[in-house]
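Worksheet: the structure to be examined is printed underneath.
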Amino acid sequence: MILRRITEHVKAQNWTAVALDFIIVVVGVFIGIQVSNWNASSTERSLEQEYLTLLSRDIAVIETKLKAQIDHEEGVSNAAADALARINNWTDTADPLRLGETLALTFGRRTLSLDSPTFSELKSAGRITVIRDISLRNQLIAYFEGLSRAERVVGKNNDFLVESYTAYMRDIGLGYVPVSSEFCRDVQNAIQCQLSEAMIETMNGELTHAAGTVLQAPPEDFFWDQLRSQIAYRNIATIGNLIRANEALGETREMSLAIENAQ
Amino acid sequence: MILRRITEHVKDQNWFAVGLDFCIVVVGILIAFQITSWNDGRSARQLESEYMILLTTDLRTIEGNLSEQLAQEQAIIANARTAIAAINKRESGVDPTQMGHSLISIFGRRTLILDSPAFSEMKSAGRLTLIEDTGLRNRIITYFDGLVRVERILEKNNEFYVEPYSNFLRDIGLGFVALPTNACPSSNVQSACDTSRLAYSVFGSEKIHAAEQILNVPAEDPLWTTMRSQVVWRAISARANAASVEQLLSETHALLAELEAAP
């Protein structure tokens, strides 16, 4: 219809009408695109709010995981302190089985894993710019990069200090001293207590350790110096992990607050 | 004069037609955008349902792979228990060949590889947002992140516990006590069976182990304590692997059920 009218106006050299038709098309297209943009922008805003809600849910999970890591590391550190005190005050009448149980509580690693499916999606889909506030966006990117650094730090500490400690216990022939359920009630190390329970059940009463012979050396034996040195380094790894996990927890709380303010 | 002509032209215009044209342009553009967007949405839904089918197929493969892994880890735990029981009862005599078979049956690693070509493609092409349901999308991402984590956990366990065990058997001079062919179908320890078959085909009837000498030491020999410790730690790694795989298997079942129930 418009094209027909324009052609008629051009033929009739009605230039005012041509100009009017021209303005109608330009302004009409402009308004049409503006409405469509406004619509897209309003969808983006609601998407931003949706992503912020999901991010704040992921961050709450990360906070729980960090608290569990801190709890575990503190449990290992307490057990290491207990083992060191037992070794430093070792006598011929000391109980090797109880020391074995204490050592079992210092075994093993807890892998720190702090994923955020929402951030992972935002990043892989190139949608990170859906978060309009540049400083919040930057804070989020820095926060998640910091988390992955914390994961790597804990992973490295575990690789170099925890694994070699476990290998030492295995290679001296100690085996695995399952932690009794009574002892588990008083300590904070869910991982080792669950493993002990599983090992008692799986091994069906078979003896899985040699605490009675391996931890029966006289107090002056060099073995105790070696064992103390191993425990000390194991505890250094734990303290390193604790520091990093506590830092990450602080950053997580700040991030959570920033997202809450943006919502 | 010009002004008068312009005024006449403006007066001559049919302003109703001008308004109508204007509305036609704006509404026309909006409708065109809507049609494009509806068409895009329809293609996206079609693509989403295709990806869902591909993801379901991948999950079925992963489920099979995990079940095989679990069977192997459980067989290793059972065989380790048999070996520990034999070591604990060594006072009443040890059959070196049988003990050799027990020790070899828990040797070897099975690397867990859990790929999903569909998810990899969606992630790398930034197509994850094709999954319209935000909750389902988040669960899929969380699941595949978890998959990578379990692969890493098993890899670490194999590196730190399984490989040292194999080194121990090699370094004490035991060599390789190949499993008899008839033991393999029921033993379910694929890697030991595969290596045994390979050993028979490569070495034929050549002797490649020293079970009769190495495993014939007296009951009080320290070799038995060290060996029990090694076997116990091999069992612990299998137990830890089995726990991670079991957890992942139940997550796989849950996600499969959700994908199959999705419209």
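Naming works like this for the structure tokens: A, B, ... for the chains as they're shown, residue 1 at the start of each chain, ligands 1 onward in shown order.
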
- Compile the contact shell of range 86-88 of chain B as a list in words: residues with an atom at most 10 Å away, counting only C-alpha atoms, same-chain residues fewer than 4 positions apart removed. Glu206, Leu207 and Thr208 of chain A; Ala80, Arg81, Thr82, Ser92, Gly93, Val94, Asp95, Gln98, Met99, Ser102, Ala219, Trp224, Thr225, Met227, Arg228 and Val231 of chain B

- Return as number ranges by chain the residues belonging to chain B that are within 8 Å of chain A, counting only C-alpha atoms. B: 6, 9-10, 13, 18, 21-23, 25-27, 29-30, 33, 77, 81, 84-85, 88, 123-129, 138-139, 141-142, 145, 149, 160, 225-230, 232-233, 236

Can you list, as a PDB file with N, CA and C atoms, in the first residue's frame, every protein, DNA or RNA residue that comes within 9 Å of range 248-255 of chain B when you count only C-alpha atoms, leaving out same-chain residues fewer than 4 positions away?
ATOM      1  N   THR B  56      20.725 -38.245  26.618  1.00  0.00           N
ATOM      2  CA  THR B  56      20.219 -39.495  27.214  1.00  0.00           C
ATOM      3  C   THR B  56      21.071 -40.672  26.747  1.00  0.00           C
ATOM      4  N   LEU B  59      24.315 -40.571  28.549  1.00  0.00           N
ATOM      5  CA  LEU B  59      24.158 -40.966  29.958  1.00  0.00           C
ATOM      6  C   LEU B  59      24.036 -42.479  30.088  1.00  0.00           C
ATOM      7  N   ARG B  60      23.382 -43.120  29.119  1.00  0.00           N
ATOM      8  CA  ARG B  60      23.266 -44.587  29.138  1.00  0.00           C
ATOM      9  C   ARG B  60      24.664 -45.213  29.034  1.00  0.00           C
ATOM     10  N   ILE B  62      27.491 -43.770  29.885  1.00  0.00           N
ATOM     11  CA  ILE B  62      28.187 -43.465  31.143  1.00  0.00           C
ATOM     12  C   ILE B  62      27.732 -44.436  32.235  1.00  0.00           C
ATOM     13  N   GLU B  63      26.424 -44.714  32.259  1.00  0.00           N
ATOM     14  CA  GLU B  63      25.866 -45.633  33.257  1.00  0.00           C
ATOM     15  C   GLU B  63      26.519 -47.022  33.135  1.00  0.00           C
ATOM     16  N   LEU B  66      30.117 -46.858  34.347  1.00  0.00           N
ATOM     17  CA  LEU B  66      30.194 -46.769  35.810  1.00  0.00           C
ATOM     18  C   LEU B  66      29.895 -48.124  36.450  1.00  0.00           C
ATOM     19  N   SER B  67      28.921 -48.850  35.893  1.00  0.00           N
ATOM     20  CA  SER B  67      28.582 -50.163  36.458  1.00  0.00           C
ATOM     21  C   SER B  67      29.774 -51.114  36.346  1.00  0.00           C
ATOM     22  N   LEU B 136      16.805 -27.544  35.260  1.00  0.00           N
ATOM     23  CA  LEU B 136      17.347 -28.743  34.609  1.00  0.00           C
ATOM     24  C   LEU B 136      18.734 -28.445  34.049  1.00  0.00           C
ATOM     25  N   ARG B 139      21.182 -28.500  36.778  1.00  0.00           N
ATOM     26  CA  ARG B 139      21.455 -29.869  37.255  1.00  0.00           C
ATOM     27  C   ARG B 139      22.354 -30.607  36.259  1.00  0.00           C
ATOM     28  N   ILE B 140      22.143 -30.365  34.962  1.00  0.00           N
ATOM     29  CA  ILE B 140      22.985 -31.035  33.951  1.00  0.00           C
ATOM     30  C   ILE B 140      24.431 -30.554  34.087  1.00  0.00           C
ATOM     31  N   TYR B 143      25.954 -31.984  37.170  1.00  0.00           N
ATOM     32  CA  TYR B 143      26.239 -33.404  36.994  1.00  0.00           C
ATOM     33  C   TYR B 143      27.555 -33.593  36.237  1.00  0.00           C
ATOM     34  N   GLY B 146      30.507 -32.747  38.213  1.00  0.00           N
ATOM     35  CA  GLY B 146      30.731 -33.830  39.168  1.00  0.00           C
ATOM     36  C   GLY B 146      31.434 -35.009  38.516  1.00  0.00           C
ATOM     37  N   LEU B 147      31.097 -35.250  37.264  1.00  0.00           N
ATOM     38  CA  LEU B 147      31.696 -36.345  36.496  1.00  0.00           C
ATOM     39  C   LEU B 147      33.211 -36.149  36.374  1.00  0.00           C
ATOM     40  N   VAL B 150      34.871 -36.794  39.711  1.00  0.00           N
ATOM     41  CA  VAL B 150      35.029 -38.224  40.050  1.00  0.00           C
ATOM     42  C   VAL B 150      36.167 -38.829  39.226  1.00  0.00           C
ATOM     43  N   ALA B 243      32.884 -45.943  46.425  1.00  0.00           N
ATOM     44  CA  ALA B 243      31.939 -44.994  47.029  1.00  0.00           C
ATOM     45  C   ALA B 243      31.649 -43.839  46.065  1.00  0.00           C
ATOM     46  N   SER B 244      32.716 -43.314  45.444  1.00  0.00           N
ATOM     47  CA  SER B 244      32.513 -42.198  44.497  1.00  0.00           C
ATOM     48  C   SER B 244      31.692 -42.651  43.302  1.00  0.00           C
ATOM     49  N   LEU B 259      15.575 -36.600  32.466  1.00  0.00           N
ATOM     50  CA  LEU B 259      15.634 -36.319  31.022  1.00  0.00           C
ATOM     51  C   LEU B 259      14.559 -37.096  30.280  1.00  0.00           C
ATOM     52  N   GLU B 260      14.332 -38.323  30.719  1.00  0.00           N
ATOM     53  CA  GLU B 260      13.320 -39.137  30.031  1.00  0.00           C
ATOM     54  C   GLU B 260      11.908 -38.634  30.304  1.00  0.00           C
TER      55      GLU B 260
END

Gln69 in chain A surroundings by only C-alpha atoms, 12 Å radius, close-in-sequence under 6 positions cut, as a PDB file with C-alpha atoms, in the first residue's frame:
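Heads up, here's the output in result_24.pdb:
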ATOM      1  CA  ILE A  62      30.161 -23.080  48.242  1.00  0.00           C
ATOM      2  CA  GLU A  63      29.978 -21.540  51.730  1.00  0.00           C
ATOM      3  CA  GLY A  75      39.744 -32.192  62.953  1.00  0.00           C
ATOM      4  CA  VAL A  76      42.977 -33.386  61.278  1.00  0.00           C
ATOM      5  CA  ARG A 109      42.768 -35.979  51.862  1.00  0.00           C
ATOM      6  CA  ARG A 110      39.622 -33.997  51.358  1.00  0.00           C
ATOM      7  CA  THR A 111      39.566 -32.619  47.831  1.00  0.00           C
ATOM      8  CA  LEU A 112      38.250 -29.061  47.791  1.00  0.00           C
ATOM      9  CA  SER A 113      35.805 -28.697  44.966  1.00  0.00           C
ATOM     10  CA  LEU A 114      33.960 -25.399  44.585  1.00  0.00           C
ATOM     11  CA  ALA A 150      42.221 -22.111  46.357  1.00  0.00           C
ATOM     12  CA  GLU A 151      41.260 -25.518  44.915  1.00  0.00           C
ATOM     13  CA  VAL A 154      44.715 -27.335  48.566  1.00  0.00           C
ATOM     14  CA  GLN A 188      35.565 -34.213  64.211  1.00  0.00           C
ATOM     15  CA  ASN A 189      36.587 -36.223  61.179  1.00  0.00           C
ATOM     16  CA  ALA A 190      33.546 -37.552  59.374  1.00  0.00           C
ATOM     17  CA  ILE A 191      35.590 -38.843  56.406  1.00  0.00           C
ATOM     18  CA  THR A 238      46.555 -28.807  57.113  1.00  0.00           C
ATOM     19  CA  ILE A 239      47.360 -25.335  58.392  1.00  0.00           C
ATOM     20  CA  ASN A 241      44.694 -25.610  53.709  1.00  0.00           C
ATOM     21  CA  LEU A 242      42.957 -23.993  56.684  1.00  0.00           C
ATOM     22  CA  ILE A 243      44.359 -20.539  55.901  1.00  0.00           C
ATOM     23  CA  ARG A 244      43.298 -20.762  52.252  1.00  0.00           C
ATOM     24  CA  ALA A 245      39.830 -22.138  53.089  1.00  0.00           C
ATOM     25  CA  ASN A 246      39.249 -19.368  55.663  1.00  0.00           C
ATOM     26  CA  ALA A 248      37.953 -18.186  50.567  1.00  0.00           C
ATOM     27  CA  LEU A 249      35.156 -18.213  53.151  1.00  0.00           C
TER      28      LEU A 249
END

- Message: So that I can see what lies close to Lys207 in chain B, please list as a PyMOL selection string the residues with an atom at most 10 Å from it, counting only C-alpha atoms and leaving out residues fewer than 3 positions away in the same chain.
- Response: chain B and resi 175-178+203-204+210

Emit the selected residues as a compact mmCIF listing (two decimals), in the first residue's frame, including C-alpha atoms.
# COMPACT_ATOMS: atom_id res chain seq x y z
CA GLY B 175 57.23 -60.75 39.17
CA PHE B 176 53.84 -61.41 37.57
CA VAL B 177 51.83 -64.46 38.66
CA ALA B 178 49.45 -64.62 35.69
CA PHE B 203 55.89 -65.10 27.36
CA GLY B 204 54.20 -68.44 26.67
CA ALA B 210 59.12 -66.08 41.89

- Spatial neighbours of Thr252 in chain A, max dist 12 Å, only C-alpha atoms, sep filter under 5 positions, as a list in words: Leu55, Ser56, Arg57, Asp58, Ile59, Ala60, Val61, Ile62, Glu63, Thr64, Lys65, Leu66, Lys67, Leu114, Gln139, Leu140, Ala142, Tyr143, Phe144, Gly146, Leu147, Ala245, Asn246, Glu247, Leu257, Ala258 and Ile259 of chain A

Based on the selection just made, write N, CA and C atoms of those residues as a short mmCIF file (atom, residue, chain, number, x, y, z; two decimals), in the first residue's frame.
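Once everything was written out, this is selection-v5.cif:
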data_model
loop_
_atom_site.label_atom_id
_atom_site.label_comp_id
_atom_site.auth_asym_id
_atom_site.auth_seq_id
_atom_site.Cartn_x
_atom_site.Cartn_y
_atom_site.Cartn_z
N LEU A 55 23.20 -17.60 41.13
CA LEU A 55 24.57 -17.41 41.64
C LEU A 55 24.57 -17.39 43.16
N SER A 56 23.58 -16.71 43.73
CA SER A 56 23.58 -16.61 45.19
C SER A 56 23.29 -17.99 45.81
N ARG A 57 22.52 -18.84 45.10
CA ARG A 57 22.28 -20.22 45.57
C ARG A 57 23.60 -21.02 45.51
N ASP A 58 24.33 -20.89 44.38
CA ASP A 58 25.61 -21.60 44.23
C ASP A 58 26.59 -21.17 45.32
N ILE A 59 26.60 -19.86 45.60
CA ILE A 59 27.54 -19.33 46.58
C ILE A 59 27.20 -19.85 47.98
N ALA A 60 25.91 -20.03 48.25
CA ALA A 60 25.52 -20.60 49.56
C ALA A 60 26.04 -22.03 49.67
N VAL A 61 25.99 -22.80 48.55
CA VAL A 61 26.52 -24.18 48.56
C VAL A 61 28.03 -24.15 48.78
N ILE A 62 28.70 -23.20 48.10
CA ILE A 62 30.16 -23.08 48.24
C ILE A 62 30.52 -22.77 49.70
N GLU A 63 29.73 -21.90 50.33
CA GLU A 63 29.98 -21.54 51.73
C GLU A 63 29.88 -22.79 52.62
N THR A 64 28.87 -23.62 52.37
CA THR A 64 28.70 -24.85 53.16
C THR A 64 29.91 -25.77 52.95
N LYS A 65 30.35 -25.89 51.68
CA LYS A 65 31.48 -26.77 51.38
C LYS A 65 32.76 -26.28 52.07
N LEU A 66 32.93 -24.95 52.06
CA LEU A 66 34.13 -24.39 52.70
C LEU A 66 34.11 -24.64 54.21
N LYS A 67 32.91 -24.50 54.81
CA LYS A 67 32.80 -24.74 56.25
C LYS A 67 33.14 -26.20 56.56
N LEU A 114 34.90 -26.52 44.41
CA LEU A 114 33.96 -25.40 44.58
C LEU A 114 33.39 -24.95 43.24
N GLN A 139 34.03 -8.32 40.08
CA GLN A 139 34.18 -8.96 41.40
C GLN A 139 33.86 -10.46 41.30
N LEU A 140 32.81 -10.78 40.52
CA LEU A 140 32.42 -12.19 40.34
C LEU A 140 33.53 -12.99 39.66
N ALA A 142 36.74 -12.26 39.48
CA ALA A 142 37.90 -12.37 40.38
C ALA A 142 37.62 -13.40 41.48
N TYR A 143 36.38 -13.40 41.98
CA TYR A 143 36.02 -14.33 43.05
C TYR A 143 36.16 -15.78 42.59
N PHE A 144 35.58 -16.09 41.41
CA PHE A 144 35.63 -17.49 40.96
C PHE A 144 37.05 -17.90 40.56
N GLY A 146 39.66 -16.79 42.12
CA GLY A 146 40.26 -17.02 43.45
C GLY A 146 39.89 -18.39 43.99
N LEU A 147 38.64 -18.79 43.76
CA LEU A 147 38.21 -20.12 44.23
C LEU A 147 38.98 -21.23 43.53
N ALA A 245 41.29 -21.93 53.02
CA ALA A 245 39.83 -22.14 53.09
C ALA A 245 39.16 -20.99 53.85
N ASN A 246 39.82 -20.49 54.90
CA ASN A 246 39.25 -19.37 55.66
C ASN A 246 39.21 -18.09 54.83
N GLU A 247 40.28 -17.88 54.04
CA GLU A 247 40.31 -16.70 53.15
C GLU A 247 39.16 -16.79 52.15
N LEU A 257 27.16 -10.93 49.85
CA LEU A 257 26.60 -9.63 50.23
C LEU A 257 26.44 -8.72 49.00
N ALA A 258 27.47 -8.72 48.13
CA ALA A 258 27.44 -7.87 46.93
C ALA A 258 26.28 -8.28 46.02
N ILE A 259 26.05 -9.59 45.89
CA ILE A 259 24.95 -10.07 45.03
C ILE A 259 23.61 -9.69 45.65
#

- Report the residues of range 99-220 of chain B whose backbone DSSP state falls under helix (DSSP H, G or I), written as a PyMOL selection string. chain B and resi 99-105+117-124+128-130+134-171+181-187+190-203+211-214

- Task: Using CA of Gln34 in chain B and CA of Arg4 in chain A as the two end points, give the distance in Å to one decimal.
- Result: 25.6 Å

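The interatomic distance for the pair CA of Ser196 in chain B and CA of Glu159 in chain B works out to 21.4 Å.
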